[in-house]
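work.csv, holding CSV, C-alpha atoms:
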chain,number,residue,atom,x,y,z
A,24,MET,CA,-38.8,-0.3,-4.8
A,25,THR,CA,-39.7,3.0,-6.5
A,26,ARG,CA,-37.1,5.3,-8.0
A,27,ASP,CA,-37.6,7.8,-5.2
A,28,GLU,CA,-37.0,5.1,-2.7
A,29,ILE,CA,-33.8,4.1,-4.4
A,30,VAL,CA,-32.6,7.7,-4.5
A,31,GLU,CA,-33.5,8.1,-0.8
A,32,LYS,CA,-31.7,4.9,0.1
A,33,LEU,CA,-28.6,5.9,-1.9
A,34,ARG,CA,-28.5,9.3,-0.2
A,35,ASP,CA,-28.5,7.5,3.2
A,36,LEU,CA,-25.7,5.2,2.2
A,37,MET,CA,-23.6,8.0,0.7
A,38,LYS,CA,-24.1,10.1,3.9
A,39,ARG,CA,-22.6,7.1,5.8
A,40,SER,CA,-19.6,6.8,3.5
A,41,SER,CA,-18.8,10.4,2.8
A,42,GLN,CA,-16.2,12.4,4.9
A,43,ALA,CA,-17.6,15.7,3.7
A,44,GLU,CA,-19.9,18.2,5.4
A,45,ILE,CA,-22.8,18.2,3.0
A,46,ASP,CA,-26.4,19.4,3.2
A,47,TRP,CA,-27.8,16.0,2.3
A,48,ASP,CA,-31.4,17.3,2.0
A,49,ALA,CA,-30.1,19.4,-1.0
A,50,VAL,CA,-28.7,16.4,-2.8
A,51,THR,CA,-30.7,15.6,-6.0
A,52,GLU,CA,-30.4,13.1,-8.8
A,53,ARG,CA,-28.2,15.7,-10.6
A,54,SER,CA,-25.7,15.9,-7.8
A,55,GLU,CA,-22.2,14.6,-8.8
A,56,ILE,CA,-21.0,11.8,-6.6
A,57,LEU,CA,-17.5,13.1,-6.5
A,58,ALA,CA,-18.7,16.4,-5.2
A,59,LEU,CA,-20.4,14.6,-2.3
A,60,GLY,CA,-17.0,13.7,-0.7
A,61,ILE,CA,-17.0,10.2,-2.2
A,62,ASP,CA,-13.3,9.6,-2.7
A,63,SER,CA,-11.7,6.3,-3.7
A,64,LEU,CA,-12.0,4.8,-0.3
A,65,ALA,CA,-15.6,6.1,0.3
A,66,MET,CA,-16.5,4.7,-3.1
A,67,LEU,CA,-15.5,1.2,-2.0
A,68,ASP,CA,-17.4,1.7,1.3
A,69,LEU,CA,-20.4,2.7,-0.8
A,70,ILE,CA,-20.1,-0.2,-3.2
A,71,TYR,CA,-20.0,-2.7,-0.2
A,72,ASP,CA,-23.1,-1.1,1.3
A,73,VAL,CA,-25.1,-1.1,-2.0
A,74,GLN,CA,-24.2,-4.7,-2.7
A,75,GLN,CA,-25.6,-5.6,0.7
A,76,GLU,CA,-28.6,-3.2,0.9
A,77,PHE,CA,-29.9,-4.0,-2.6
A,78,ALA,CA,-28.8,-7.7,-2.4
A,79,LEU,CA,-27.4,-7.4,-5.9
A,80,GLU,CA,-24.3,-9.0,-7.3
A,81,PHE,CA,-22.6,-6.9,-9.9
A,82,GLU,CA,-19.0,-6.1,-10.8
A,83,ALA,CA,-17.8,-3.1,-8.9
A,84,GLU,CA,-16.0,-2.0,-12.0
A,85,GLU,CA,-19.3,-1.4,-13.7
A,86,LEU,CA,-19.8,1.7,-11.5
A,87,LEU,CA,-16.7,3.4,-12.9
A,88,GLU,CA,-18.8,5.2,-15.5
A,89,VAL,CA,-21.4,6.4,-13.0
A,90,LYS,CA,-21.1,10.1,-12.4
A,91,THR,CA,-24.3,11.4,-10.7
A,92,VAL,CA,-26.8,10.1,-8.0
A,93,GLY,CA,-29.3,9.7,-10.9
A,94,ASP,CA,-26.9,7.5,-12.8
A,95,LEU,CA,-26.4,5.4,-9.8
A,96,ALA,CA,-30.2,5.1,-9.2
A,97,SER,CA,-30.7,4.1,-12.9
A,98,PHE,CA,-27.9,1.5,-12.5
A,99,PHE,CA,-29.7,-0.2,-9.6
A,100,GLU,CA,-33.2,0.3,-11.1
A,101,GLN,CA,-32.1,-1.6,-14.2
A,102,ARG,CA,-30.4,-4.4,-12.1
A,103,MET,CA,-33.5,-4.8,-9.9
A,104,ALA,CA,-35.8,-4.8,-13.0
A,105,GLY,CA,-33.6,-7.5,-14.5
A,106,ARG,CA,-33.8,-9.6,-11.3
A,107,THR,CA,-37.7,-9.5,-11.1
A,108,SER,CA,-38.3,-10.0,-14.9
B,17,MET,CA,15.3,28.0,7.7
B,18,PRO,CA,12.5,28.9,5.3
B,19,ARG,CA,10.8,25.8,3.8
B,20,THR,CA,11.8,26.5,0.2
B,21,ILE,CA,15.5,26.9,1.0
B,22,GLN,CA,15.4,23.7,3.1
B,23,HIS,CA,13.7,21.9,0.2
B,24,LEU,CA,16.3,23.2,-2.3
B,25,ALA,CA,19.2,22.2,0.0
B,26,GLU,CA,17.7,18.7,0.3
B,27,TYR,CA,17.2,18.6,-3.5
B,28,GLY,CA,20.9,19.5,-4.0
B,29,LEU,CA,22.1,16.9,-1.5
B,30,ALA,CA,19.8,14.2,-3.0
B,31,GLY,CA,20.9,15.0,-6.6
B,32,THR,CA,24.6,14.8,-5.5
B,33,LEU,CA,24.1,11.5,-3.8
B,34,LEU,CA,22.2,10.1,-6.8
B,35,GLY,CA,25.0,11.2,-9.1
B,36,ILE,CA,27.6,9.5,-6.9
B,37,VAL,CA,25.6,6.3,-6.7
B,38,ASP,CA,25.3,6.3,-10.5
B,39,VAL,CA,29.1,6.4,-11.1
B,40,LEU,CA,30.2,4.0,-8.3
B,41,PRO,CA,30.4,0.3,-9.0
B,42,LEU,CA,27.6,-1.7,-7.3
B,43,PRO,CA,29.7,-3.2,-4.4
B,44,ILE,CA,31.2,0.1,-3.5
B,45,ALA,CA,27.8,1.9,-3.7
B,46,VAL,CA,26.3,-0.6,-1.4
B,47,SER,CA,29.2,-0.4,1.0
B,48,ALA,CA,29.0,3.4,1.0
B,49,ALA,CA,25.3,3.2,1.6
B,50,ARG,CA,25.8,0.9,4.6
B,51,GLY,CA,28.2,3.4,6.1
B,52,LEU,CA,25.7,6.2,5.5
B,53,GLY,CA,23.0,4.1,7.1
B,54,ARG,CA,25.2,3.7,10.2
B,55,LEU,CA,25.9,7.4,10.3
B,56,TRP,CA,22.2,8.2,9.9
B,57,TYR,CA,21.5,5.9,12.9
B,58,ARG,CA,24.0,7.8,15.0
B,59,VAL,CA,23.0,11.4,14.1
B,60,ASP,CA,19.2,11.1,13.8
B,61,ALA,CA,18.3,10.7,17.5
B,62,ARG,CA,14.6,11.0,16.9
B,63,ARG,CA,14.3,8.3,14.3
B,64,ARG,CA,16.7,6.1,16.3
B,65,ARG,CA,14.5,6.4,19.4
B,66,VAL,CA,11.4,5.5,17.3
B,67,ALA,CA,13.1,2.5,15.7
B,68,VAL,CA,14.5,1.1,19.0
B,69,ASP,CA,11.2,1.7,20.7
B,70,ASN,CA,9.3,-0.1,17.9
B,71,VAL,CA,11.6,-3.2,18.1
B,72,VAL,CA,11.0,-3.3,21.9
B,73,ARG,CA,7.3,-2.9,21.6
B,74,ALA,CA,7.1,-5.7,19.0
B,75,GLY,CA,8.9,-8.0,21.4
B,76,ILE,CA,11.4,-8.9,18.6
B,77,ALA,CA,14.5,-8.7,20.8
B,78,PRO,CA,14.9,-10.2,24.2
B,79,SER,CA,16.9,-7.1,25.5
B,80,ALA,CA,17.0,-3.4,24.8
B,81,ALA,CA,20.7,-3.7,23.7
B,82,GLN,CA,19.7,-6.3,21.1
B,83,ALA,CA,16.8,-4.1,20.0
B,84,ALA,CA,19.3,-1.3,19.3
B,85,LEU,CA,21.4,-3.7,17.2
B,86,ILE,CA,18.3,-4.6,15.1
B,87,ALA,CA,17.4,-1.0,14.8
B,88,ARG,CA,20.9,-0.1,13.5
B,89,ALA,CA,20.9,-2.9,11.0
B,90,SER,CA,17.5,-1.7,9.8
B,91,PHE,CA,18.9,1.8,9.1
B,92,GLU,CA,21.8,0.2,7.2
B,93,HIS,CA,19.4,-2.0,5.3
B,94,PHE,CA,17.2,1.0,4.3
B,95,ALA,CA,20.3,2.9,2.9
B,96,VAL,CA,21.3,-0.3,1.0
B,97,LEU,CA,17.7,-0.6,-0.3
B,98,LEU,CA,17.9,2.9,-1.8
B,99,ALA,CA,21.3,2.3,-3.4
B,100,GLU,CA,20.2,-1.1,-4.9
B,101,SER,CA,16.9,0.3,-6.1
B,102,LEU,CA,18.7,3.1,-7.9
B,103,LYS,CA,21.1,0.5,-9.5
B,104,SER,CA,18.4,-2.1,-10.2
B,105,ARG,CA,17.2,-0.9,-13.6
B,106,ARG,CA,20.6,-1.7,-15.1
B,107,ALA,CA,20.9,-5.0,-13.2
B,108,PHE,CA,17.5,-6.2,-14.1
B,109,ASN,CA,17.8,-5.3,-17.8
B,110,ARG,CA,20.7,-7.8,-18.2
B,111,PRO,CA,20.0,-11.2,-19.7
B,112,ASP,CA,21.0,-12.9,-16.4
B,113,TRP,CA,18.4,-11.0,-14.3
B,114,ARG,CA,16.6,-14.3,-13.4
B,115,ASP,CA,19.7,-15.5,-11.5
B,116,ARG,CA,19.3,-12.7,-9.1
B,117,ILE,CA,15.9,-13.8,-7.8
B,118,GLU,CA,14.5,-16.9,-6.1
B,119,TRP,CA,10.7,-17.2,-6.3
B,120,GLY,CA,8.6,-18.7,-3.5
B,121,ILE,CA,5.0,-18.5,-4.8
B,122,PRO,CA,2.4,-21.2,-4.2
B,123,PRO,CA,1.3,-22.9,-7.5
B,124,GLU,CA,-2.3,-21.7,-7.3
B,125,LEU,CA,-1.1,-18.1,-7.0
B,126,GLU,CA,1.4,-18.6,-9.7
B,127,ALA,CA,-1.4,-19.7,-12.1
B,128,ILE,CA,-3.4,-16.6,-11.2
B,129,LEU,CA,-0.4,-14.3,-11.9
B,130,GLU,CA,0.1,-15.9,-15.2
B,131,GLU,CA,-3.6,-15.6,-16.2
B,132,PRO,CA,-3.8,-12.7,-18.6
B,133,GLY,CA,-6.4,-10.0,-17.8
B,134,ARG,CA,-6.9,-11.1,-14.2
B,135,GLY,CA,-6.5,-8.3,-11.6
B,136,VAL,CA,-4.7,-9.2,-8.4
B,137,LEU,CA,-4.5,-7.5,-5.0
B,138,LEU,CA,-1.0,-7.6,-3.4
B,139,ALA,CA,-0.5,-6.6,0.2
B,140,SER,CA,3.0,-6.0,1.4
B,141,GLY,CA,4.9,-4.0,4.0
B,142,HIS,CA,8.0,-2.0,4.5
B,143,LEU,CA,10.1,-5.2,4.5
B,144,GLY,CA,13.0,-6.2,2.3
B,145,ASN,CA,13.0,-4.2,-0.9
B,146,TRP,CA,9.4,-3.4,-1.9
B,147,GLU,CA,10.6,-1.3,-4.9
B,148,THR,CA,12.4,-4.3,-6.4
B,149,ALA,CA,9.5,-6.6,-5.6
B,150,ALA,CA,7.2,-4.4,-7.7
B,151,GLN,CA,9.7,-4.2,-10.5
B,152,LEU,CA,10.3,-8.0,-10.6
B,153,LEU,CA,6.6,-8.8,-10.4
B,154,SER,CA,5.8,-6.4,-13.2
B,155,ARG,CA,7.6,-8.9,-15.5
B,156,THR,CA,4.7,-11.3,-15.0
B,157,LYS,CA,1.8,-8.8,-14.9
B,158,PRO,CA,1.7,-4.9,-14.9
B,159,VAL,CA,1.9,-3.5,-11.4
B,160,VAL,CA,0.3,-0.4,-10.0
B,161,GLY,CA,1.9,0.8,-6.7
B,162,VAL,CA,0.1,3.3,-4.5
B,163,THR,CA,2.4,6.0,-3.2
B,164,ARG,CA,2.3,9.1,-1.0
B,165,ARG,CA,3.6,12.3,-2.3
B,166,MET,CA,6.9,13.4,-0.7
B,167,ASN,CA,6.9,16.5,1.4
B,168,ASN,CA,9.7,18.0,-0.7
B,169,PRO,CA,8.3,18.6,-4.2
B,170,TYR,CA,11.8,19.0,-5.8
B,171,VAL,CA,13.0,15.7,-4.4
B,172,GLU,CA,9.7,14.1,-5.5
B,173,ARG,CA,10.3,15.2,-9.1
B,174,LEU,CA,13.9,14.0,-9.0
B,175,ILE,CA,13.0,10.6,-7.6
B,176,ARG,CA,10.0,10.3,-10.0
B,177,LYS,CA,12.3,10.8,-13.0
B,178,ARG,CA,14.4,7.9,-11.8
B,179,LYS,CA,11.5,5.5,-11.1
B,180,PRO,CA,11.4,2.5,-13.4
B,181,THR,CA,8.9,2.9,-16.1
B,182,GLY,CA,7.1,0.4,-18.3
B,183,ALA,CA,5.0,-2.2,-16.5
B,184,PHE,CA,5.5,-0.7,-13.0
B,185,THR,CA,3.5,2.5,-12.5
B,186,LEU,CA,2.6,4.6,-9.5
B,187,THR,CA,-0.7,6.1,-8.5
B,188,PRO,CA,-1.0,8.7,-5.7
B,189,LYS,CA,-2.7,7.7,-2.5
B,190,ARG,CA,-5.0,10.7,-2.8
B,191,SER,CA,-6.5,11.7,-6.2
B,192,ALA,CA,-9.7,13.0,-7.7
B,193,ASP,CA,-9.9,9.9,-9.8
B,194,SER,CA,-11.9,7.7,-7.3
B,195,GLY,CA,-12.1,4.8,-9.7
B,196,ARG,CA,-8.4,4.3,-10.3
B,197,PHE,CA,-8.0,1.2,-8.1
B,198,LEU,CA,-11.0,-0.5,-9.6
B,199,ARG,CA,-9.7,0.3,-13.1
B,200,ALA,CA,-6.3,-1.2,-12.4
B,201,LEU,CA,-7.9,-4.4,-11.4
B,202,LYS,CA,-10.3,-4.4,-14.3
B,203,GLU,CA,-7.3,-3.9,-16.6
B,204,GLY,CA,-5.8,-7.1,-15.2
B,205,LYS,CA,-3.0,-5.5,-13.2
B,206,ILE,CA,-1.5,-6.2,-9.8
B,207,LEU,CA,-2.6,-3.5,-7.4
B,208,ALA,CA,0.1,-3.3,-4.7
B,209,LEU,CA,-0.5,-1.7,-1.4
B,210,LEU,CA,1.7,-1.4,1.7
B,211,ILE,CA,-0.5,-2.3,4.7
B,212,ASP,CA,1.7,-1.0,7.5
B,213,GLN,CA,1.2,2.7,7.1
B,214,HIS,CA,-0.4,4.7,9.8
B,215,ALA,CA,-3.9,5.9,8.8
B,216,PRO,CA,-4.1,9.4,10.1
B,217,ARG,CA,-7.9,9.6,10.1
B,218,GLY,CA,-8.1,6.3,12.1
B,219,ARG,CA,-9.8,4.2,9.4
B,220,ILE,CA,-9.8,1.0,11.5
B,221,GLN,CA,-7.9,-0.3,14.4
B,222,VAL,CA,-6.0,-3.6,14.0
B,223,ASN,CA,-3.4,-5.4,16.0
B,224,PHE,CA,0.2,-5.5,14.8
B,225,PHE,CA,2.6,-7.5,17.0
B,226,GLY,CA,-0.3,-7.6,19.5
B,227,ARG,CA,-0.5,-3.8,19.8
B,228,PRO,CA,-3.3,-1.7,18.3
B,229,CYS,CA,-2.6,0.6,15.4
B,230,THR,CA,-4.7,2.3,12.7
B,231,SER,CA,-4.8,0.9,9.2
B,232,TYR,CA,-6.2,1.9,5.8
B,233,THR,CA,-9.1,-0.3,4.8
B,234,ALA,CA,-8.7,0.0,1.0
B,235,ILE,CA,-7.2,-3.4,0.3
B,236,ALA,CA,-9.8,-5.2,2.3
B,237,LEU,CA,-12.7,-3.3,0.8
B,238,LEU,CA,-11.3,-3.9,-2.7
B,239,HIS,CA,-11.2,-7.6,-2.1
B,240,LEU,CA,-14.7,-7.6,-0.6
B,241,VAL,CA,-16.4,-5.7,-3.4
B,242,THR,CA,-14.5,-7.2,-6.4
B,243,GLN,CA,-13.5,-10.6,-5.0
B,244,ALA,CA,-10.2,-10.1,-6.8
B,245,PRO,CA,-7.6,-12.6,-5.6
B,246,LEU,CA,-5.8,-11.2,-2.6
B,247,CYS,CA,-2.3,-12.3,-1.7
B,248,PHE,CA,0.5,-11.2,0.6
B,249,GLY,CA,4.1,-11.0,-0.7
B,250,TYR,CA,7.5,-9.5,0.1
B,251,CYS,CA,11.0,-9.5,-1.4
B,252,VAL,CA,14.0,-9.9,1.0
B,253,ARG,CA,17.6,-9.2,0.2
B,254,THR,CA,19.8,-12.4,0.1
B,255,GLY,CA,23.0,-10.8,-1.2
B,256,LEU,CA,24.4,-8.2,-3.4
B,257,MET,CA,21.5,-7.3,-5.7
B,258,ARG,CA,20.0,-10.7,-5.0
B,259,PHE,CA,16.5,-11.3,-3.7
B,260,ARG,CA,14.0,-13.9,-2.6
B,261,PHE,CA,10.3,-13.1,-3.4
B,262,LYS,CA,7.9,-15.0,-1.1
B,263,ALA,CA,4.1,-14.9,-1.4
B,264,THR,CA,1.1,-16.5,0.3
B,265,GLY,CA,-2.4,-16.8,-0.9
B,266,PRO,CA,-4.7,-16.3,-2.6
B,267,LEU,CA,-6.7,-15.5,0.5
B,268,SER,CA,-10.4,-15.5,0.2
B,269,HIS,CA,-13.0,-13.7,2.4
B,270,PRO,CA,-16.6,-13.5,1.4
B,271,ARG,CA,-18.9,-10.5,2.3
B,272,THR,CA,-20.9,-11.4,5.4
B,273,GLY,CA,-22.9,-8.1,5.7
B,274,ASP,CA,-20.9,-6.9,8.7
B,275,LYS,CA,-18.5,-4.6,6.9
B,276,GLU,CA,-16.4,-3.6,9.8
B,277,ARG,CA,-15.9,-7.2,10.9
B,278,ASP,CA,-15.0,-8.3,7.4
B,279,VAL,CA,-12.5,-5.5,6.9
B,280,ARG,CA,-10.9,-6.1,10.3
B,281,GLU,CA,-10.6,-9.9,9.8
B,282,ILE,CA,-8.9,-9.4,6.4
B,283,LEU,CA,-6.5,-6.7,7.7
B,284,GLU,CA,-5.7,-8.8,10.8
B,285,SER,CA,-4.9,-11.8,8.7
B,286,LEU,CA,-2.6,-9.7,6.4
B,287,ASN,CA,-0.9,-8.1,9.4
B,288,ARG,CA,-0.3,-11.6,10.9
B,289,GLU,CA,1.4,-12.6,7.6
B,290,LEU,CA,3.5,-9.4,7.8
B,291,GLU,CA,4.4,-10.1,11.4
B,292,GLU,CA,5.6,-13.6,10.6
B,293,ALA,CA,7.8,-12.3,7.7
B,294,VAL,CA,9.2,-9.5,9.9
B,295,ARG,CA,10.1,-12.0,12.7
B,296,ALA,CA,12.0,-14.0,10.1
B,297,TYR,CA,13.9,-10.9,8.8
B,298,PRO,CA,13.7,-8.2,11.5
B,299,GLU,CA,16.8,-6.4,10.3
B,300,GLN,CA,15.2,-5.8,6.9
B,301,TYR,CA,12.1,-4.1,8.4
B,302,LEU,CA,11.7,-0.3,8.4
B,303,TRP,CA,11.4,0.2,12.1
B,304,ALA,CA,12.0,3.9,12.0
B,305,HIS,CA,8.4,4.7,10.8
B,306,ARG,CA,5.9,5.4,13.5
B,307,ARG,CA,3.5,2.5,13.1
B,308,TRP,CA,2.1,2.7,16.7
B,309,ARG,CA,1.4,6.5,16.7
B,310,GLY,CA,-0.4,7.8,19.7
B,311,GLU,CA,1.0,5.2,22.1
B,312,ARG,CA,3.4,6.2,24.8
B,313,PRO,CA,7.0,5.0,24.2
B,314,ALA,CA,8.0,1.8,25.8
B,315,PRO,CA,10.9,1.9,28.3
B,316,GLY,CA,14.3,1.3,26.6
B,317,PRO,CA,17.6,2.9,25.6
B,318,SER,CA,17.6,6.3,23.7

Serialized structure, structure tokens:
Amino acid sequence: MTRDEIVEKLRDLMKRSSQAEIDWDAVTERSEILALGIDSLAMLDLIYDVQQEFALEFEAEELLEVKTVGDLASFFEQRMAGRTS
Amino acid sequence: MPRTIQHLAEYGLAGTLLGIVDVLPLPIAVSAARGLGRLWYRVDARRRRVAVDNVVRAGIAPSAAQAALIARASFEHFAVLLAESLKSRRAFNRPDWRDRIEWGIPPELEAILEEPGRGVLLASGHLGNWETAAQLLSRTKPVVGVTRRMNNPYVERLIRKRKPTGAFTLTPKRSADSGRFLRALKEGKILALLIDQHAPRGRIQVNFFGRPCTSYTAIALLHLVTQAPLCFGYCVRTGLMRFRFKATGPLSHPRTGDKERDVREILESLNRELEEAVRAYPEQYLWAHRRWRGERPAPGPS
């Protein structure tokens, strides 16, 4: 999966979890996750979805430091690279 | 009455009552609280109707008259809960505090609670004395309770000043810090959530006493994404400042990929545990809160 595909996938998942009215086409890698209406509950929803969609096992607490969509994409890119290497 | 004046009047009343409870000996404070609870039941017609209606809906009492008796006992219990919670800091700082509590925890769960650094999810309800449960548990592992801010900011500040500190802390239900629940688990704390609160945005519908109500999904999602041990527990009153803490678990539910089904199954299982506990101690349940909001009232006395 390319980085662009990861970002696209994440955008879809966040759109599903978020309660906010957002122009999702305007969301970029620099967008802050909190500003996208991802509160504590939506964050848990999102973590469940990404654990399933990317078929990755990771500790949910590892995502505490993730601030932007780009950070999140890097997190999964690294995990997926680790899985295939 | 303008909102601020009403809030200040409530603040003055709350401050006076707290001052009185502080100076009264425990048996007298509890007896006075019981009387105030009975008075509250008589004068607050709206809450009384809600409570009686809830007992009838739950099928706890065979007749409406018995439902009214349970509802009244529940009002008394809630007033006693407040008085004992206010007095508990002193009682539980005494060397004989262990004599005041009986523990009923399965050995597997006890081992988890004693394991340093292991986060635990605790589901509970408005049954018995949940404040005391958190205080007592915090002597085994730090406890983080999730709380809603009160509508009256003055009373909120007053109560917050009185909350026990140390290993029992509170975090608001809504906060910009979206990682606070995960952090509490990562830090090896017990994250305690009350599962019988109405979820205004209709998070998910589950059955409670066989009737649909909306429920927050946080505790189920936290278990699914962290696999932190999940247990159900409650602390009932057995006498004057004496309690029995009972817990079940750890429950385990793996992720299946069907998020809604996973969440519903966990919440229904926890709600069944709560139902069973409430059936055993119906007079210690807070029936006056509107758990089945949106349903039409059941027929019964007013």

- Message: Neighbouring residues of Pro169 (chain B) were defined as those with any atom within 12 Å, considering all atoms listed in the file; residues of the same chain fewer than 4 positions away were excluded. Please report them as JSON, numbers by chain.
- Response: {"B": [19, 20, 22, 23, 24, 26, 27, 164, 165, 173, 174, 175, 176]}

Per-residue nearest contacts chain A to chain B, cut-off 9 Å, using all atoms listed in the file, as JSON lines:
{"residue": "A:Leu57", "atom": "CA", "partner": "B:Ser194", "partner_atom": "CA", "distance": 7.8}
{"residue": "A:Ile61", "atom": "CA", "partner": "B:Ser194", "partner_atom": "CA", "distance": 7.6}
{"residue": "A:Asp62", "atom": "CA", "partner": "B:Ser194", "partner_atom": "CA", "distance": 5.2}
{"residue": "A:Ser63", "atom": "CA", "partner": "B:Ser194", "partner_atom": "CA", "distance": 3.9}
{"residue": "A:Leu64", "atom": "CA", "partner": "B:Ala234", "partner_atom": "CA", "distance": 6.0}
{"residue": "A:Ala65", "atom": "CA", "partner": "B:Ser194", "partner_atom": "CA", "distance": 8.6}
{"residue": "A:Met66", "atom": "CA", "partner": "B:Ser194", "partner_atom": "CA", "distance": 6.9}
{"residue": "A:Leu67", "atom": "CA", "partner": "B:Leu237", "partner_atom": "CA", "distance": 6.0}
{"residue": "A:Asp68", "atom": "CA", "partner": "B:Leu237", "partner_atom": "CA", "distance": 6.9}
{"residue": "A:Ile70", "atom": "CA", "partner": "B:Val241", "partner_atom": "CA", "distance": 6.6}
{"residue": "A:Tyr71", "atom": "CA", "partner": "B:Val241", "partner_atom": "CA", "distance": 5.7}
{"residue": "A:Asp72", "atom": "CA", "partner": "B:Lys275", "partner_atom": "CA", "distance": 8.0}
{"residue": "A:Gln74", "atom": "CA", "partner": "B:Val241", "partner_atom": "CA", "distance": 7.9}
{"residue": "A:Gln75", "atom": "CA", "partner": "B:Gly273", "partner_atom": "CA", "distance": 6.2}
{"residue": "A:Glu76", "atom": "CA", "partner": "B:Gly273", "partner_atom": "CA", "distance": 8.9}
{"residue": "A:Phe81", "atom": "CA", "partner": "B:Thr242", "partner_atom": "CA", "distance": 8.8}
{"residue": "A:Glu82", "atom": "CA", "partner": "B:Thr242", "partner_atom": "CA", "distance": 6.4}
{"residue": "A:Ala83", "atom": "CA", "partner": "B:Thr242", "partner_atom": "CA", "distance": 5.8}
{"residue": "A:Glu84", "atom": "CA", "partner": "B:Leu198", "partner_atom": "CA", "distance": 5.7}
{"residue": "A:Leu86", "atom": "CA", "partner": "B:Gly195", "partner_atom": "CA", "distance": 8.5}
{"residue": "A:Leu87", "atom": "CA", "partner": "B:Gly195", "partner_atom": "CA", "distance": 5.8}
{"residue": "A:Glu88", "atom": "CA", "partner": "B:Gly195", "partner_atom": "CA", "distance": 8.9}

For the residues selected in the previous step, produce a file with C-alpha atoms as a PDB file, in the frame of the given file.
ATOM      1  CA  LEU A  57     -17.500  13.100  -6.500  1.00  0.00           C
ATOM      2  CA  ILE A  61     -17.000  10.200  -2.200  1.00  0.00           C
ATOM      3  CA  ASP A  62     -13.300   9.600  -2.700  1.00  0.00           C
ATOM      4  CA  SER A  63     -11.700   6.300  -3.700  1.00  0.00           C
ATOM      5  CA  LEU A  64     -12.000   4.800  -0.300  1.00  0.00           C
ATOM      6  CA  ALA A  65     -15.600   6.100   0.300  1.00  0.00           C
ATOM      7  CA  MET A  66     -16.500   4.700  -3.100  1.00  0.00           C
ATOM      8  CA  LEU A  67     -15.500   1.200  -2.000  1.00  0.00           C
ATOM      9  CA  ASP A  68     -17.400   1.700   1.300  1.00  0.00           C
ATOM     10  CA  ILE A  70     -20.100  -0.200  -3.200  1.00  0.00           C
ATOM     11  CA  TYR A  71     -20.000  -2.700  -0.200  1.00  0.00           C
ATOM     12  CA  ASP A  72     -23.100  -1.100   1.300  1.00  0.00           C
ATOM     13  CA  GLN A  74     -24.200  -4.700  -2.700  1.00  0.00           C
ATOM     14  CA  GLN A  75     -25.600  -5.600   0.700  1.00  0.00           C
ATOM     15  CA  GLU A  76     -28.600  -3.200   0.900  1.00  0.00           C
ATOM     16  CA  PHE A  81     -22.600  -6.900  -9.900  1.00  0.00           C
ATOM     17  CA  GLU A  82     -19.000  -6.100 -10.800  1.00  0.00           C
ATOM     18  CA  ALA A  83     -17.800  -3.100  -8.900  1.00  0.00           C
ATOM     19  CA  GLU A  84     -16.000  -2.000 -12.000  1.00  0.00           C
ATOM     20  CA  LEU A  86     -19.800   1.700 -11.500  1.00  0.00           C
ATOM     21  CA  LEU A  87     -16.700   3.400 -12.900  1.00  0.00           C
ATOM     22  CA  GLU A  88     -18.800   5.200 -15.500  1.00  0.00           C
TER      23      GLU A  88
END

- Message: Which residues are near Gly93 (chain A)? Cut-off 8 Å, all atoms listed in the file, ignore same chain within fewer than 4 positions. Put them as a ChimeraX atom specification.
- Response: /A:30,51-54,97

Residues of the last selection are to be written out with C-alpha atoms, as a short mmCIF file (atom, residue, chain, number, x, y, z; two decimals), keeping the file's coordinate frame.
data_model
loop_
_atom_site.label_atom_id
_atom_site.label_comp_id
_atom_site.auth_asym_id
_atom_site.auth_seq_id
_atom_site.Cartn_x
_atom_site.Cartn_y
_atom_site.Cartn_z
CA VAL A 30 -32.60 7.70 -4.50
CA THR A 51 -30.70 15.60 -6.00
CA GLU A 52 -30.40 13.10 -8.80
CA ARG A 53 -28.20 15.70 -10.60
CA SER A 54 -25.70 15.90 -7.80
CA SER A 97 -30.70 4.10 -12.90
#

- Query: CA of Gly255 (chain B) and CA of Asp115 (chain B), how far apart in Å?
  - Reply: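 Rounded to one decimal, the two atoms are 11.8 Å apart.
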
- Message: For a cutoff of 7 Å around the file-coordinate point (-34.0, 1.9, -7.4), which residues qualify once you count all atoms listed in the file? I'd like the result as a PyMOL selection string.
- Response: chain A and resi 24-26+28-30+96-97+99-100
